[in-house]
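S.K.: Before I ask anything, let me first share the structure, which is written out below as structure tokens.
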Amino acid sequence: MGSTHLRRSRRALAATAMLGMVGGSLVATSAANAAVMVSGSTIDPSGNYVEGSVTVYTESGSYVDTYYAEGGAFDIPLPDGAYKLQFYPSPEFATEWYRDKPDEASADVVTVAGAAQTLPAWTIDRAPSVGGVVRTVDGRGVRNARVEAYDAATGTLVGADSTDRAGLFRIGASVPVKLVFEGYDPDTGDTLATEWFNDKPSQATADPVAPTAAGADVGVVTLAPGGTIGGRITNEAGAPLHRAQACTDGSCDWTDANGVYLIEGVDTGQHEVTFVDPIGEYVGESWNNVPFDSPLDPTLVTVGPGQAVTGIDAALAAATTAAPNGVDVSGIVRDELGGLGVGYRIDLYDTPADPRDAKAVASTYSNRAGQYHFAQLDRIGGETEFKIMVQGEGPREDGDFSRRTTWSGNALGYDTAAVLTAAPRTMDFTLPVAGGVSGAVTSEAGGVLDSPSVSFRDAEQNYAGYAQDIALNGTFDERTLWPGTYTVQFGAADHVPEWWKDALPEHATTITVRPGQVVTGISAALTKDVKAVERPEIEGQAWVGKPLRLDVGRWNTQARSKFSYEWLVGSTVVATGPTLELRKSHLGKKVTGRVTNDAGFALGQALTTATAKVGYQPKLKAKVSRKAAAMTLKVKPLKAKKVKASVVVYEVAGTRANGEPKLKKLGKGKIAKGKGVVRFKKPLRAGKHKLVFRISGAGKVGSGDLTQKVKIKR
């Protein structure tokens, strides 16, 4: 095999230049001392090829060049001399010197003396490593899980790997290690509980693993679903606090209208849980009743793998507040369904000459009555005009809908927002509410889909969003689409994408999304079969000396496909490619086209209808009257007495929706010895006409359509 030459470093170039100066010039050598090819292969102890790079040094230690052993084979052009080779493989294998030596001093010398040579196979030992497989509790491989290995003695990171599609991993290391695993459910995307080997909560308690040359196998590492911490946040009187927040280790959840929260995906171990009120009406604390400024340590919450910890409640004390002094603007935030906007972030923007320089100069939150206020606007950096933005949000709870960001004057952007001056006034906001779409994407073949997707495009075919959470059974319920008309596309790995409803893009059925409503039943069962929904066609006439062309037709998937073409006479392939030049050898034969669609995950094939029998091209002269057409048909190289055919005459009466001409039959007749007459069923009206003569030739007379424009006088 040929080798891929790597880019040379400065050191390589310098070393090469030095070689060229030794004993005159190695570049301009005599024929007896020209470079010859030194070839070899690198294999593992089982005989499998090992890819890597081969670095060449002179026997004295000067760098020569580096070559890549693609597929485990290398070819290196070298002048006469003595060399040593070093191999750098992937991390799974050990770096070594030729042949099976640990260092340069002990490496075997390769002597080049005017003749090409093939070195004995070079066996590369596997580096010590540790491996295994990461799975969910129900046995599914966890792809793209992160596995890290830490030196068991020093605690430093020595290697890492991401699991493959089946959940397999392997990490090279020369010292005992401790392994930590983290990942997400491969189908739902939910966080899995991070753990140390073997089912340990911390690095200190993890079991060490000693890597081996054969690969120490830790077996199956099962990641349980992440644990949960749940509870309720109230005030000291026991009233629920809506839109308070509970957090631990960067993961948070907002309370619902009943004050209930649930933090998901919590790692195994001990956690501090904190409670805050972003609205500012109550004072935050840590569990259990420990103020943030207290010298006491908070009570930690212990979570086991997949454990649901409940009852982590908090009763927050009211914050000390003062009545606003000099309110300039205030109002109430609602949504278009009439609900109060609790806990929405509201930003006050300045109005510079260039809108691109606009920035928020003050912020607040709407309270639990939906109210907000900004005071003393006349004291904000000399600004006199402002615009207000209420930040929209995605669905807050299961079954909820997104709310859209809204600007003063209920505008949708800064540029169109109403301007406020620093004078007292009331400005209410009404946030637009999204609608939803629900359904399922499944496979006709059954089983769980890999990487399913559901996406939406608006009436202008712009990408408008996608279903963010598709369950293991393929169901989805997306509630973030703004009201409007959409088409829906379904897809999955190794399946043909399709549009709702069982359609190609141009035939997609639209759905109408309305505020606070869900369009249900938007589902698809995807196929793995690549099929032509419109058969390929042969374009052109079956005449000797003329080309035929294969049109691919229309397939259920083709945007990323590779098409190949074959021409058949009977079942025999006579040519390939999208065109075929008809020759005398094709006379009297019918030709069929076959198109193959390679979609990557599957192949599909489709045949055209056969052409008429290949013949010589006819030339027609027709004398047309109102009632008939007198025809003379000449076919080179045939004599007139050999020219026989049947003819159907049509008039072009318009164009169909697909662009094809709409034909009206006028009559039919025969041609014998090159002549014939077709009498029309109804006389042609006076004026211009475009006629199509459909020739069905006999013998060596070719078949096809011939057109002629005529003018009928009154």
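Please note that chains go A, B, ... in the order of the structure tokens, that every chain numbers its residues from 1, and that ligands are numbered from 1 in the order shown.
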Could you pull the residues within 8 Å of range 412-426 of chain A, counting only C-alpha atoms, minus those fewer than 6 positions along the same chain, as an mmCIF file with N, CA and C atoms, in the first residue's frame?

M.R.:
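Output file around30.cif is given in full below:
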```cif
data_model
loop_
_atom_site.group_PDB
_atom_site.id
_atom_site.type_symbol
_atom_site.label_atom_id
_atom_site.label_comp_id
_atom_site.auth_asym_id
_atom_site.auth_seq_id
_atom_site.Cartn_x
_atom_site.Cartn_y
_atom_site.Cartn_z
ATOM 1 N N VAL A 327 -42.601 56.291 42.063
ATOM 2 C CA VAL A 327 -42.832 55.338 40.983
ATOM 3 C C VAL A 327 -43.062 56.097 39.683
ATOM 4 N N ASP A 328 -42.301 55.727 38.642
ATOM 5 C CA ASP A 328 -42.461 56.366 37.337
ATOM 6 C C ASP A 328 -43.312 55.523 36.395
ATOM 7 N N VAL A 329 -43.095 54.190 36.413
ATOM 8 C CA VAL A 329 -43.883 53.313 35.554
ATOM 9 C C VAL A 329 -44.166 52.037 36.330
ATOM 10 N N SER A 330 -45.387 51.581 36.215
ATOM 11 C CA SER A 330 -45.800 50.344 36.877
ATOM 12 C C SER A 330 -46.900 49.725 36.043
ATOM 13 N N GLY A 331 -47.215 48.468 36.349
ATOM 14 C CA GLY A 331 -48.283 47.805 35.609
ATOM 15 C C GLY A 331 -48.390 46.353 36.005
ATOM 16 N N PRO A 355 -29.516 52.128 17.841
ATOM 17 C CA PRO A 355 -30.180 51.069 18.620
ATOM 18 C C PRO A 355 -29.270 49.897 18.960
ATOM 19 N N GLN A 376 -38.083 56.387 40.007
ATOM 20 C CA GLN A 376 -37.054 57.416 39.844
ATOM 21 C C GLN A 376 -36.267 57.255 38.531
ATOM 22 N N LEU A 377 -36.995 57.131 37.419
ATOM 23 C CA LEU A 377 -36.331 57.004 36.128
ATOM 24 C C LEU A 377 -35.505 58.242 35.787
ATOM 25 N N ASP A 378 -35.878 59.387 36.362
ATOM 26 C CA ASP A 378 -35.147 60.624 36.062
ATOM 27 C C ASP A 378 -33.758 60.652 36.695
ATOM 28 N N THR A 384 -33.631 60.032 29.559
ATOM 29 C CA THR A 384 -34.992 60.591 29.661
ATOM 30 C C THR A 384 -36.025 59.743 28.935
ATOM 31 N N GLU A 385 -35.564 58.799 28.092
ATOM 32 C CA GLU A 385 -36.493 57.935 27.355
ATOM 33 C C GLU A 385 -36.049 56.484 27.510
ATOM 34 N N PHE A 386 -37.056 55.591 27.565
ATOM 35 C CA PHE A 386 -36.772 54.188 27.851
ATOM 36 C C PHE A 386 -37.701 53.274 27.053
ATOM 37 N N LYS A 387 -37.308 52.021 26.976
ATOM 38 C CA LYS A 387 -38.164 50.953 26.463
ATOM 39 C C LYS A 387 -38.095 49.802 27.456
ATOM 40 N N ILE A 388 -39.196 49.068 27.579
ATOM 41 C CA ILE A 388 -39.281 47.995 28.574
ATOM 42 C C ILE A 388 -39.455 46.652 27.865
ATOM 43 N N MET A 389 -38.763 45.634 28.368
ATOM 44 C CA MET A 389 -38.881 44.280 27.837
ATOM 45 C C MET A 389 -39.264 43.312 28.955
ATOM 46 N N THR A 405 -41.381 36.809 24.511
ATOM 47 C CA THR A 405 -40.821 38.083 24.955
ATOM 48 C C THR A 405 -41.614 39.233 24.341
ATOM 49 N N THR A 406 -41.955 40.213 25.183
ATOM 50 C CA THR A 406 -42.801 41.322 24.747
ATOM 51 C C THR A 406 -42.215 42.641 25.223
#
```

S.K.: Neighbours of Asn235 in chain A within 9 Å (only C-alpha atoms; same-chain residues fewer than 6 positions away dropped), as a PDB file with C-alpha atoms, in the first residue's frame?

M.R.:
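Saved file part-v4.pdb follows:
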```
ATOM      1  CA  LEU A 241     -44.659  30.369  47.130  1.00  0.00           C
ATOM      2  CA  TYR A 282     -38.724  36.403  50.853  1.00  0.00           C
ATOM      3  CA  ALA A 314     -38.485  25.264  53.361  1.00  0.00           C
ATOM      4  CA  ALA A 315     -40.557  28.016  55.034  1.00  0.00           C
ATOM      5  CA  LEU A 316     -39.055  31.363  54.021  1.00  0.00           C
ATOM      6  CA  ALA A 317     -39.276  34.512  56.084  1.00  0.00           C
ATOM      7  CA  ALA A 318     -40.622  37.677  54.490  1.00  0.00           C
TER       8      ALA A 318
END
```

S.K.: Can you work out the spacing between CA of Gly436 in chain A and CA of Cys252 in chain A in Å, to one decimal?

M.R.: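 CA of Cys252 in chain A lies at a distance of 25.1 Å from CA of Gly436 in chain A.
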
S.K.: I need the helix (DSSP H, G or I) residues of range 254-411 of chain A per DSSP on the backbone, written as a ChimeraX atom specification.

M.R.: /A:355-357,377-379

S.K.: Taking 5 positions as the minimum chain separation for residues in the same chain, which residues sit within 10 Å of Lys665 in chain A when counting only C-alpha atoms? Answer as a list in words.

M.R.: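 Listed by chain and then number, they are Val648, Val649, Tyr650, Glu651, Val652, Ala653, Phe680, Lys681, Lys682, Leu691 and Val692 of chain A.
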
S.K.: In Å, with one decimal, what is the gap from CA of Leu587 in chain A to CA of Val678 in chain A?

M.R.: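 Distance between the two atoms: 27.5 Å.
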
S.K.: For Gln617 in chain A, which of A:Ala630, A:Val643, A:Val701, A:Leu582 is the closest residue, counting only C-alpha atoms?

M.R.: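 Of the candidates, the smallest distance to Gln617 in chain A is held by A:Val701.
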
S.K.: If I take CA of Thr430 in chain A and CA of Ala353 in chain A, how far is one from the other in Å, to one decimal?

M.R.: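 Computing it gives 27.9 Å between the two atoms.
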
S.K.: Taking only C-alpha atoms into account, name the residue in A:Gly540, A:Gly394, A:Pro505, A:Gly604 that is nearest to Leu580 in chain A.

M.R.: A:Gly540
